[in-house]
Amino acid sequence: MFSIIQAAGWPIWFLLLASVIAVALIIERSTALRRSRIVPPGLLQSVIAEYRKSGSNEAMLNRLDAHSPLGRVFAAGLRNVKSTREVMKESIEETGQGVAHELGRFLTTLGTIASIAPLMGLFGTVVGMIEIFGSPTSSGTNPQALAHGISVALYNTGFGLIIAIPSMIFYRHFRATVDGFLVEMEQQAVKLVEVLQGDRR
């Protein structure tokens, strides 16, 4: 493996760095975007039950803030529960925008790596081709040596595709996961507003 990296030339080191970053981001987002951490089951029912039992207080709101992103959205609504429906919804929407930004953290970087990795690989291949055909050695007149040089140059393109394909798959998966979480959080927040404003049971 190390011999292949050496043969591929200096451009492959940029691809190696991109692959390390991509793997780190995939692991981090896989850990952070778990359903139990973002939209814990039963949280809406427990918040409504606790509010009906003892109302909202600072300890409860702080606990919700630290509990999960969904809890943070609920806490924003509960802080304005005695205001009008519009004010309550606005506070939830503002907090929701911050939560959405946090959930999408690092996804742009992962998507960028997925997009540019093939281009970086192609760049490495072009550099390798230039070195092959610009070399003053006799490889240009030796078909076997020339074929070997071209195959080595293509390592960069292959490695770029190896990085780009899983990066794009995980980027799409994480983006769809975040969108699903945001829709679910919005639905639960609307239910909370309607229940606490007396429109639903």
# chains A, B, ... in the order shown; residues from 1 in each chain; ligands from 1
call {"tool": "residues_around", "arguments": {"residues": "Val47 (chain A)", "least_positions_apart": "6", "cutoff": "12 Å", "atoms": "only C-alpha atoms", "output": "list of chain:residue names"}}
result
A:Pro40, A:Pro41, A:Lys53, A:Ser54, A:Gly55, A:Ser56, A:Asn57, A:Met60, A:Leu61, A:Arg63, A:Leu64, A:His67, A:Leu70, A:Gly71, A:Arg72, A:Val73, A:Phe74, A:Ala75, A:Gly77, A:Leu78, A:Gln188, A:Ala189, A:Lys191, A:Leu192, A:Val193, A:Val195, A:Leu196
call {"tool": "select_by_dssp", "arguments": {"residues": "region 55-88 of chain A", "states": "helix (DSSP H, G or I)", "output": "JSON, numbers by chain"}}
result
{"A": [58, 59, 60, 61, 62, 63, 64, 65, 66, 67, 69, 70, 71, 72, 73, 74, 75, 76, 77, 78, 79, 85, 86, 87, 88]}
call {"tool": "write_last_selection", "arguments": {"atoms": "N, CA, C and O atoms", "output": "tab-separated table (two decimals), in the first residue's frame"}}
result
chain	number	residue	atom	x	y	z
A	58	GLU	N	-37.76	27.37	36.11
A	58	GLU	CA	-36.42	27.52	35.53
A	58	GLU	C	-35.65	26.21	35.54
A	58	GLU	O	-34.91	25.91	34.60
A	59	ALA	N	-35.83	25.42	36.58
A	59	ALA	CA	-35.13	24.13	36.65
A	59	ALA	C	-35.59	23.21	35.53
A	59	ALA	O	-34.77	22.53	34.89
A	60	MET	N	-36.88	23.18	35.29
A	60	MET	CA	-37.41	22.34	34.22
A	60	MET	C	-36.90	22.81	32.86
A	60	MET	O	-36.50	21.99	32.01
A	61	LEU	N	-36.89	24.12	32.63
A	61	LEU	CA	-36.44	24.66	31.36
A	61	LEU	C	-34.96	24.38	31.12
A	61	LEU	O	-34.54	24.04	30.02
A	62	ASN	N	-34.16	24.54	32.17
A	62	ASN	CA	-32.72	24.25	32.05
A	62	ASN	C	-32.48	22.77	31.76
A	62	ASN	O	-31.59	22.42	30.99
A	63	ARG	N	-33.28	21.92	32.38
A	63	ARG	CA	-33.14	20.48	32.15
A	63	ARG	C	-33.50	20.14	30.70
A	63	ARG	O	-32.83	19.33	30.06
A	64	LEU	N	-34.54	20.77	30.18
A	64	LEU	CA	-34.93	20.54	28.79
A	64	LEU	C	-33.86	21.05	27.83
A	64	LEU	O	-33.56	20.41	26.81
A	65	ASP	N	-33.28	22.21	28.14
A	65	ASP	CA	-32.24	22.78	27.29
A	65	ASP	C	-31.06	21.81	27.14
A	65	ASP	O	-30.48	21.68	26.07
A	66	ALA	N	-30.70	21.17	28.24
A	66	ALA	CA	-29.55	20.27	28.23
A	66	ALA	C	-29.90	18.87	27.77
A	66	ALA	O	-29.00	18.06	27.53
A	67	HIS	N	-31.19	18.58	27.65
A	67	HIS	CA	-31.62	17.21	27.36
A	67	HIS	C	-31.34	16.79	25.92
A	67	HIS	O	-30.73	15.75	25.67
A	69	PRO	N	-31.76	18.44	21.40
A	69	PRO	CA	-32.22	19.53	20.53
A	69	PRO	C	-33.73	19.71	20.57
A	69	PRO	O	-34.22	20.85	20.57
A	70	LEU	N	-34.49	18.62	20.61
A	70	LEU	CA	-35.94	18.73	20.72
A	70	LEU	C	-36.33	19.37	22.04
A	70	LEU	O	-37.25	20.21	22.10
A	71	GLY	N	-35.64	19.02	23.11
A	71	GLY	CA	-35.89	19.64	24.41
A	71	GLY	C	-35.62	21.12	24.40
A	71	GLY	O	-36.34	21.91	25.02
A	72	ARG	N	-34.60	21.54	23.64
A	72	ARG	CA	-34.30	22.97	23.53
A	72	ARG	C	-35.44	23.72	22.85
A	72	ARG	O	-35.79	24.84	23.23
A	73	VAL	N	-36.01	23.08	21.82
A	73	VAL	CA	-37.15	23.69	21.12
A	73	VAL	C	-38.35	23.81	22.06
A	73	VAL	O	-39.02	24.85	22.11
A	74	PHE	N	-38.62	22.75	22.81
A	74	PHE	CA	-39.73	22.78	23.77
A	74	PHE	C	-39.50	23.85	24.83
A	74	PHE	O	-40.44	24.56	25.22
A	75	ALA	N	-38.27	23.96	25.32
A	75	ALA	CA	-37.97	24.95	26.35
A	75	ALA	C	-38.22	26.37	25.84
A	75	ALA	O	-38.72	27.23	26.57
A	76	ALA	N	-37.89	26.62	24.57
A	76	ALA	CA	-38.13	27.94	23.99
A	76	ALA	C	-39.62	28.25	23.97
A	76	ALA	O	-40.04	29.38	24.25
A	77	GLY	N	-40.44	27.24	23.66
A	77	GLY	CA	-41.88	27.46	23.66
A	77	GLY	C	-42.42	27.66	25.07
A	77	GLY	O	-43.27	28.53	25.29
A	78	LEU	N	-41.94	26.89	26.01
A	78	LEU	CA	-42.43	26.99	27.39
A	78	LEU	C	-42.06	28.32	28.04
A	78	LEU	O	-42.78	28.80	28.92
A	79	ARG	N	-40.94	28.90	27.63
A	79	ARG	CA	-40.56	30.21	28.17
A	79	ARG	C	-41.55	31.30	27.78
A	79	ARG	O	-41.62	32.34	28.44
A	85	ARG	N	-50.08	32.94	21.00
A	85	ARG	CA	-49.67	31.81	20.17
A	85	ARG	C	-48.56	32.23	19.19
A	85	ARG	O	-47.61	31.48	18.96
A	86	GLU	N	-48.68	33.41	18.60
A	86	GLU	CA	-47.71	33.86	17.61
A	86	GLU	C	-46.32	34.03	18.23
A	86	GLU	O	-45.31	33.63	17.65
A	87	VAL	N	-46.28	34.62	19.43
A	87	VAL	CA	-44.99	34.81	20.11
A	87	VAL	C	-44.37	33.47	20.46
A	87	VAL	O	-43.16	33.25	20.29
A	88	MET	N	-45.19	32.54	20.91
A	88	MET	CA	-44.70	31.21	21.26
A	88	MET	C	-44.14	30.50	20.03
A	88	MET	O	-43.06	29.89	20.08
call {"tool": "closest_residue", "arguments": {"among": "A:Ile162, A:Ala100, A:Ile150, A:Ala24", "to": "Gly128 (chain A)", "atoms": "only C-alpha atoms"}}
result
A:Ile150
call {"tool": "closest_residue", "arguments": {"among": "A:Gly96, A:Leu146, A:Lys89, A:Gly124", "to": "Glu194 (chain A)", "atoms": "only C-alpha atoms"}}
result
A:Lys89
call {"tool": "residues_around", "arguments": {"residues": "Phe14 (chain A)", "least_positions_apart": "6", "cutoff": "10 Å", "atoms": "only C-alpha atoms", "output": "number ranges by chain"}}
result
A: 117, 120-121, 124, 160
call {"tool": "atom_distance", "arguments": {"atom1": "CA of Glu94 (chain A)", "atom2": "CA of Met185 (chain A)"}}
result
13.1 Å
call {"tool": "atom_distance", "arguments": {"atom1": "CA of Val20 (chain A)", "atom2": "CA of Phe174 (chain A)"}}
result
18.2 Å
call {"tool": "residues_around", "arguments": {"residues": "region 175-183 of chain A", "least_positions_apart": "3", "cutoff": "7 Å", "atoms": "only C-alpha atoms", "output": "PyMOL selection string"}}
result
chain A and resi 100+103-104+171-172+186-187
call {"tool": "write_last_selection", "arguments": {"atoms": "C-alpha atoms", "output": "PDB file, in the first residue's frame"}}
result
ATOM      1  CA  ALA A 100     -31.113  23.028  12.274  1.00  0.00           C
ATOM      2  CA  LEU A 103     -27.571  19.378  13.094  1.00  0.00           C
ATOM      3  CA  GLY A 104     -26.164  20.268   9.681  1.00  0.00           C
ATOM      4  CA  TYR A 171     -23.516  13.058   2.868  1.00  0.00           C
ATOM      5  CA  ARG A 172     -26.873  12.242   1.251  1.00  0.00           C
ATOM      6  CA  GLU A 186     -41.637  20.809  13.839  1.00  0.00           C
ATOM      7  CA  GLN A 187     -44.640  18.495  14.115  1.00  0.00           C
TER       8      GLN A 187
END
